[in-house]
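Inspection log for the structure reproduced underneath, given as structure tokens.
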2 protein chains.
Amino acid sequence: MNTPANSAYIRACRGLSVPHTPVWFMRQAGRSLPEYRELRGSGSILQAIADPVIAAEVTLQPVRRYGVDAAILFSDIVVPVHAIGFGVDVVPGRGPVMADPFKDRSDLARLRPLHPDADLPYVLETVDRVVEALGETPLIGFAGAPFTVASYLIEGGPSREFTKVKALMHSDPQLWVELMERLAEGATTFMRAQVAHGASALQLFDSWAGSLSPSEYECFALPATKAIMDATADLGVPRTLFGVGTGELLGLMATSGADVVGVDWRVPLDEARRRVGDSVSLQGNLDPALTFASTEVLDAATRRVLDAAGTRPGHIFNLGHGVLPTTNPDALKRVVDLVHAEGRAGVTK
Amino acid sequence: MNTPANSAYIRACRGLSVPHTPVWFMRQAGRSLPEYRELRGSGSILQAIADPVIAAEVTLQPVRRYGVDAAILFSDIVVPVHAIGFGVDVVPGRGPVMADPFKDRSDLARLRPLHPDADLPYVLETVDRVVEALGETPLIGFAGAPFTVASYLIEGGPSREFTKVKALMHSDPQLWVELMERLAEGATTFMRAQVAHGASALQLFDSWAGSLSPSEYECFALPATKAIMDATADLGVPRTLFGVGTGELLGLMATSGADVVGVDWRVPLDEARRRVGDSVSLQGNLDPALTFASTEVLDAATRRVLDAAGTRPGHIFNLGHGVLPTTNPDALKRVVDLVHAEGRAGVTK
């Protein structure tokens, strides 16, 4: 019987043989889909996330359209801190913005423990609905990694330079550790609740980790990520760790306890394999910009990823970063079909 | 007698022994300096660049304030394409914006050959004035590398995703080659003119090369950069090649013919040295974000860069990217003094 647990996606995460190379796309649910834009209308994204009927439908849309091998919960990494009242808005075209950024020790009290049943009942109801509807297709739950969430809290919004977060981590390492611990506890609690409600896998988004030097990552970001991996290991679901521009960090990320490491397009997967060793699976890594090129170029780029992945088990195809809002869904459908037809990593037909 | 040619900066570029580790900062001339803001007033940056009295003064300001080992011409990488009438504005807080972006073959005609004496007399007069005023301190001339300039021309402005430029390079490689050749010729002509007027060194800014995969860089960006290096080798001045997020590209960049490769803060200099081999010098690589941290943190980070550079000759201290507009000049002065006091790469006292 086909179940999420023996799906191609979950098997590839575990480095097992698969009937085909599994594929899904970060940000596959969202603005790039006309059916999403039609459903969402003009409300805020936090409102849509808070409505389980809408959020479940949005989560399912790309599974139906593309035939991807996994769904990912339609949510945002700032939803938990929003739910405990930190004061977050998600501004269209800009991203998460804090009304009152994290500045000093007094702000720790604004990060009280998360109680998913009370704080995020709508997310858990969305998980229930999606899992019910998906059947044998796995649902990936997720949370933001402590460093990346902290970067939003401290910078007050999206940043290119990360001056405030870097100043704080270096200047007050004790406060930094306490902040990381609180965020790690919140991420752990939230991800455990998603699995309790039926999520079959987890992804931790440390999207901005690539702004750190290797020594900064090891000292200031990796410990909290390891704590989350330790505290979710008993769940028995594969956990993926992802970031952008992390070429220098891949070896360290592979020591986190994650089952899968995500790779952006800058590092070919064969080189990424050398950096992470043999104990983890790899997710990636088509350049999302190339979904805007001609079908010939897109096909060739997709095949280059498959070639670099080779025949060794343990490859989940994905983009190197999220789907861009103006991406043509037909391009993504084309990628899915090509990956299913030609992927060879661990494939036994 | 002390001349630019036997200055610490030029000697370090050539991998020779130095009396102290040389240091300068990308974007050292500009908005971070109060004396710059006072001089500039509210005019556009292109106007300031077009005024040799102002541009020369702005170029000299950081040399006087910081005691850096080199000046870099106050200009912008889009100045040559602006001068030949492509239609460029530099929008404060945003960057270069094209009125009519490069779309197809018909736009090649808009990139006519550059005649520096006729098209950019004000830049050459600025070089004359600066060289005269600098005395034994070398002036670094510069140009934008063809890929990075093309990314502005094609995207129409600053980009995060580079979808249009990547689509064009992959979809129409013949047009791409012709575009790269035109931009390489312009950069070469412009840099040769700067040296003819007394610049002692050159830097080619391929700031956005790090958005490319290694195979894309090798195929689409490196050839034009090599052509520029070949066509400036006879000048006898050291040439630096710089980009951000280029950890995966450092080995390829070292094959360009450049004398110096710039490194951002993501790759420690000892690891960068392994990637570039023994034949080039290294420039970098303090994280510009850390100039916002406490003096203790900044000192420690500066010393980490010096430690990673070690004692081998061939290190020019710099930031890993440009000075941020809100940087406190006192922090940069502190870095200069520390580098001069404690740098050991090739230092014979």
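Here, A, B, ... name the chains of the structure tokens in the order displayed, residue numbers run from 1 inside each chain, and ligands are numbered from 1 in the same displayed order.
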Quiz item: Would you list which chain A residues are within 8 Å of chain B using only C-alpha atoms, as a ChimeraX atom specification?
Solution: /A:161-164,166-168,170-171,210-214,245,247-248,265-268,289-290,292-294,297
Since we have the selection now, will you write its residues out, keeping N, CA and C atoms, as a short mmCIF file (atom, residue, chain, number, x, y, z; two decimals), in the first residue's frame?
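Ended up saving to result10.cif:
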data_model
loop_
_atom_site.label_atom_id
_atom_site.label_comp_id
_atom_site.auth_asym_id
_atom_site.auth_seq_id
_atom_site.Cartn_x
_atom_site.Cartn_y
_atom_site.Cartn_z
N GLU A 161 22.46 43.38 4.56
CA GLU A 161 23.78 43.56 5.17
C GLU A 161 23.87 42.92 6.55
N PHE A 162 22.75 42.78 7.25
CA PHE A 162 22.71 42.09 8.53
C PHE A 162 23.63 42.74 9.57
N THR A 163 23.73 44.07 9.52
CA THR A 163 24.65 44.74 10.43
C THR A 163 24.21 44.62 11.89
N LYS A 164 22.91 44.74 12.17
CA LYS A 164 22.47 44.74 13.56
C LYS A 164 22.57 43.35 14.17
N LYS A 166 24.53 40.92 13.28
CA LYS A 166 25.93 40.53 13.48
C LYS A 166 26.54 41.30 14.66
N ALA A 167 26.20 42.56 14.79
CA ALA A 167 26.73 43.32 15.92
C ALA A 167 26.26 42.69 17.23
N LEU A 168 24.99 42.30 17.30
CA LEU A 168 24.49 41.74 18.56
C LEU A 168 25.16 40.40 18.87
N HIS A 170 28.01 39.20 18.07
CA HIS A 170 29.40 39.32 18.46
C HIS A 170 29.55 40.07 19.78
N SER A 171 28.70 41.08 19.98
CA SER A 171 28.91 41.98 21.11
C SER A 171 28.32 41.44 22.41
N GLY A 210 23.75 32.06 4.76
CA GLY A 210 24.86 32.32 3.84
C GLY A 210 25.47 33.70 3.98
N SER A 211 24.88 34.56 4.80
CA SER A 211 25.49 35.87 5.07
C SER A 211 26.61 35.76 6.10
N LEU A 212 26.70 34.61 6.75
CA LEU A 212 27.69 34.42 7.82
C LEU A 212 28.96 33.78 7.27
N SER A 213 30.08 34.13 7.89
CA SER A 213 31.32 33.41 7.60
C SER A 213 31.23 32.02 8.25
N PRO A 214 32.05 31.08 7.80
CA PRO A 214 31.99 29.74 8.40
C PRO A 214 32.19 29.77 9.93
N GLY A 245 23.26 30.54 -0.58
CA GLY A 245 24.63 31.05 -0.56
C GLY A 245 25.48 30.38 0.51
N GLY A 247 27.55 27.75 0.23
CA GLY A 247 28.61 26.88 -0.27
C GLY A 247 29.70 26.60 0.76
N GLU A 248 30.08 27.64 1.50
CA GLU A 248 31.15 27.49 2.49
C GLU A 248 30.68 26.76 3.74
N TRP A 265 21.98 27.04 -6.27
CA TRP A 265 22.49 26.70 -7.61
C TRP A 265 23.96 27.00 -7.78
N ARG A 266 24.58 27.62 -6.79
CA ARG A 266 25.97 28.03 -6.97
C ARG A 266 26.95 26.87 -6.83
N VAL A 267 26.54 25.80 -6.18
CA VAL A 267 27.43 24.66 -5.97
C VAL A 267 26.85 23.45 -6.70
N PRO A 268 27.55 22.93 -7.70
CA PRO A 268 27.04 21.73 -8.37
C PRO A 268 26.87 20.58 -7.36
N ALA A 289 16.13 31.37 -11.58
CA ALA A 289 16.13 32.34 -12.68
C ALA A 289 15.96 31.65 -14.03
N LEU A 290 16.40 30.40 -14.13
CA LEU A 290 16.36 29.73 -15.43
C LEU A 290 14.97 29.25 -15.81
N PHE A 292 12.82 31.23 -16.29
CA PHE A 292 12.41 32.32 -17.18
C PHE A 292 13.05 32.19 -18.56
N ALA A 293 13.93 31.24 -18.74
CA ALA A 293 14.60 31.07 -20.03
C ALA A 293 13.73 30.21 -20.95
N SER A 294 14.23 29.96 -22.15
CA SER A 294 13.48 29.15 -23.12
C SER A 294 13.37 27.71 -22.61
N VAL A 297 16.65 25.83 -22.90
CA VAL A 297 17.61 26.17 -21.86
C VAL A 297 17.19 25.55 -20.53
#
Practice problem: Write out as a ChimeraX atom specification all residues of range 4-238 of chain B that backbone DSSP assigns to alpha helix (DSSP H). | Solution: /B:8-13,34-40,45-49,52-66,79-83,116-119,121-134,146-155,163-171,173-196,214-216,222-232
Dump C-alpha atoms for the selected residues as an mmCIF file, in the first residue's frame?
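And here is the file that came out, selection.cif:
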data_model
loop_
_atom_site.group_PDB
_atom_site.id
_atom_site.type_symbol
_atom_site.label_atom_id
_atom_site.label_comp_id
_atom_site.auth_asym_id
_atom_site.auth_seq_id
_atom_site.Cartn_x
_atom_site.Cartn_y
_atom_site.Cartn_z
ATOM 1 C CA ALA B 8 53.220 49.022 -0.198
ATOM 2 C CA TYR B 9 49.993 48.645 -2.173
ATOM 3 C CA ILE B 10 51.660 48.038 -5.534
ATOM 4 C CA ARG B 11 54.303 45.770 -4.011
ATOM 5 C CA ALA B 12 51.665 43.661 -2.261
ATOM 6 C CA CYS B 13 49.744 43.353 -5.540
ATOM 7 C CA PRO B 34 30.739 63.873 6.396
ATOM 8 C CA GLU B 35 33.152 65.928 4.279
ATOM 9 C CA TYR B 36 31.727 64.199 1.210
ATOM 10 C CA ARG B 37 28.134 64.901 2.164
ATOM 11 C CA GLU B 38 29.031 68.518 2.817
ATOM 12 C CA LEU B 39 30.763 68.904 -0.546
ATOM 13 C CA ARG B 40 28.229 67.022 -2.616
ATOM 14 C CA ILE B 45 26.244 61.442 -8.418
ATOM 15 C CA LEU B 46 26.697 61.579 -12.199
ATOM 16 C CA GLN B 47 26.935 65.368 -11.953
ATOM 17 C CA ALA B 48 29.580 65.070 -9.233
ATOM 18 C CA ILE B 49 31.561 62.585 -11.298
ATOM 19 C CA PRO B 52 36.762 67.148 -11.978
ATOM 20 C CA VAL B 53 37.214 69.557 -9.080
ATOM 21 C CA ILE B 54 34.579 67.810 -6.988
ATOM 22 C CA ALA B 55 35.452 64.283 -8.135
ATOM 23 C CA ALA B 56 39.153 64.795 -7.402
ATOM 24 C CA GLU B 57 38.435 66.202 -3.966
ATOM 25 C CA VAL B 58 36.085 63.327 -3.140
ATOM 26 C CA THR B 59 38.712 60.830 -4.296
ATOM 27 C CA LEU B 60 41.300 62.403 -2.009
ATOM 28 C CA GLN B 61 39.129 62.772 1.111
ATOM 29 C CA PRO B 62 39.527 59.196 2.404
ATOM 30 C CA VAL B 63 43.275 59.240 1.752
ATOM 31 C CA ARG B 64 43.614 62.260 4.002
ATOM 32 C CA ARG B 65 41.205 61.023 6.664
ATOM 33 C CA TYR B 66 42.241 57.399 6.913
ATOM 34 C CA VAL B 79 29.809 55.976 -16.317
ATOM 35 C CA PRO B 80 31.189 54.720 -19.683
ATOM 36 C CA VAL B 81 27.827 53.425 -20.952
ATOM 37 C CA HIS B 82 26.242 56.629 -19.718
ATOM 38 C CA ALA B 83 28.857 58.613 -21.642
ATOM 39 C CA PRO B 116 37.751 58.377 -23.558
ATOM 40 C CA ASP B 117 39.280 61.718 -24.617
ATOM 41 C CA ALA B 118 36.041 62.802 -26.241
ATOM 42 C CA ASP B 119 33.494 60.904 -24.144
ATOM 43 C CA PRO B 121 37.344 64.126 -20.624
ATOM 44 C CA TYR B 122 36.146 64.996 -17.124
ATOM 45 C CA VAL B 123 37.173 61.589 -15.754
ATOM 46 C CA LEU B 124 40.622 61.907 -17.274
ATOM 47 C CA GLU B 125 40.975 65.408 -15.867
ATOM 48 C CA THR B 126 39.992 64.010 -12.472
ATOM 49 C CA VAL B 127 42.712 61.373 -12.828
ATOM 50 C CA ASP B 128 45.240 64.097 -13.712
ATOM 51 C CA ARG B 129 44.283 66.176 -10.697
ATOM 52 C CA VAL B 130 44.265 63.246 -8.287
ATOM 53 C CA VAL B 131 47.591 61.834 -9.450
ATOM 54 C CA GLU B 132 49.165 65.258 -9.088
ATOM 55 C CA ALA B 133 47.809 65.642 -5.558
ATOM 56 C CA LEU B 134 48.539 62.104 -4.399
ATOM 57 C CA PRO B 146 31.278 42.964 -18.806
ATOM 58 C CA PHE B 147 28.956 40.526 -17.020
ATOM 59 C CA THR B 148 28.119 42.953 -14.227
ATOM 60 C CA VAL B 149 27.643 45.921 -16.567
ATOM 61 C CA ALA B 150 25.502 43.743 -18.845
ATOM 62 C CA SER B 151 23.381 42.733 -15.876
ATOM 63 C CA TYR B 152 22.509 46.395 -15.295
ATOM 64 C CA LEU B 153 21.877 47.029 -18.996
ATOM 65 C CA ILE B 154 19.620 43.980 -19.395
ATOM 66 C CA GLU B 155 17.820 43.914 -16.044
ATOM 67 C CA THR B 163 16.442 36.365 -14.604
ATOM 68 C CA LYS B 164 16.710 38.429 -17.789
ATOM 69 C CA VAL B 165 20.476 38.412 -18.113
ATOM 70 C CA LYS B 166 20.638 34.671 -17.480
ATOM 71 C CA ALA B 167 17.855 34.012 -19.976
ATOM 72 C CA LEU B 168 19.697 36.024 -22.636
ATOM 73 C CA MET B 169 23.114 34.461 -22.106
ATOM 74 C CA HIS B 170 21.731 30.946 -22.303
ATOM 75 C CA SER B 171 19.187 31.557 -25.050
ATOM 76 C CA PRO B 173 24.934 32.857 -26.772
ATOM 77 C CA GLN B 174 26.042 34.506 -30.028
ATOM 78 C CA LEU B 175 24.427 37.814 -29.109
ATOM 79 C CA TRP B 176 25.816 37.424 -25.603
ATOM 80 C CA VAL B 177 29.359 37.026 -26.941
ATOM 81 C CA GLU B 178 29.000 40.142 -29.078
ATOM 82 C CA LEU B 179 27.657 42.102 -26.125
ATOM 83 C CA MET B 180 30.497 40.888 -23.913
ATOM 84 C CA GLU B 181 33.050 41.834 -26.589
ATOM 85 C CA ARG B 182 31.706 45.362 -26.866
ATOM 86 C CA LEU B 183 31.713 45.844 -23.122
ATOM 87 C CA ALA B 184 35.192 44.336 -22.835
ATOM 88 C CA GLU B 185 36.501 46.724 -25.490
ATOM 89 C CA GLY B 186 34.941 49.668 -23.677
ATOM 90 C CA ALA B 187 36.377 48.601 -20.316
ATOM 91 C CA THR B 188 39.806 48.051 -21.841
ATOM 92 C CA THR B 189 39.853 51.412 -23.605
ATOM 93 C CA PHE B 190 38.678 53.200 -20.484
ATOM 94 C CA MET B 191 41.176 51.521 -18.179
ATOM 95 C CA ARG B 192 44.068 52.105 -20.598
ATOM 96 C CA ALA B 193 43.186 55.810 -20.691
ATOM 97 C CA GLN B 194 43.167 55.981 -16.886
ATOM 98 C CA VAL B 195 46.652 54.454 -16.781
ATOM 99 C CA ALA B 196 47.839 56.801 -19.542
ATOM 100 C CA PRO B 214 30.764 27.984 -11.868
ATOM 101 C CA SER B 215 29.927 26.612 -15.316
ATOM 102 C CA GLU B 216 27.987 29.763 -16.199
ATOM 103 C CA LEU B 222 35.276 34.694 -17.680
ATOM 104 C CA PRO B 223 36.180 34.948 -21.409
ATOM 105 C CA ALA B 224 35.481 38.691 -21.593
ATOM 106 C CA THR B 225 37.325 39.248 -18.315
ATOM 107 C CA LYS B 226 40.308 37.341 -19.701
ATOM 108 C CA ALA B 227 40.195 39.476 -22.831
ATOM 109 C CA ILE B 228 40.425 42.617 -20.702
ATOM 110 C CA MET B 229 43.306 41.206 -18.680
ATOM 111 C CA ASP B 230 45.129 40.219 -21.888
ATOM 112 C CA ALA B 231 44.593 43.673 -23.357
ATOM 113 C CA THR B 232 45.909 45.477 -20.279
#
Quiz prompt | B:Phe242, B:Phe102, B:Phe86, B:Phe25 ranked by distance to Leu286 in chain B, top pick (using only C-alpha atoms) | solution =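 Of B:Phe242, B:Phe102, B:Phe86, B:Phe25, the one nearest Leu286 in chain B, counting only C-alpha atoms, is B:Phe25.
Here the question is which of B:Gly198, B:Gly144, B:Gly41, B:Pro158 gets nearest to Val90 in chain B using only C-alpha atoms, and that residue is B:Pro158.
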Practice problem: List every residue of range 148-215 of chain B that DSSP, applied to the backbone, labels as strand (DSSP E), and write the result as a count of residues only. | Solution: 5
Practice problem: Please indicate the distance in Å from CA of Val78 in chain A to CA of Gln28 in chain A, rounded to one decimal place. | Solution: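 If I compute the distance from CA of Val78 in chain A to CA of Gln28 in chain A, I get 18.1 Å.
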Quiz prompt | Atom-to-atom span, CA of Asp307 in chain B and CA of Pro238 in chain B, Å | solution = 24.3 Å
Practice problem: With a distance cut-off of 9 Å and only C-alpha atoms, select the neighbouring residues of Ala341 in chain B, excluding the residue or stretch itself and same-chain residues fewer than 5 positions from it, and output the selection as number ranges by chain. | Solution: B: 20-21, 336
Quiz prompt | Using only C-alpha atoms: which of A:Leu202, A:Ser75, A:Pro96, A:Thr3 has the shortest distance to Gly30 in chain A | solution = A:Ser75
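Separating CA of Asn6 in chain B from CA of Glu136 in chain B is a distance of 8.6 Å.
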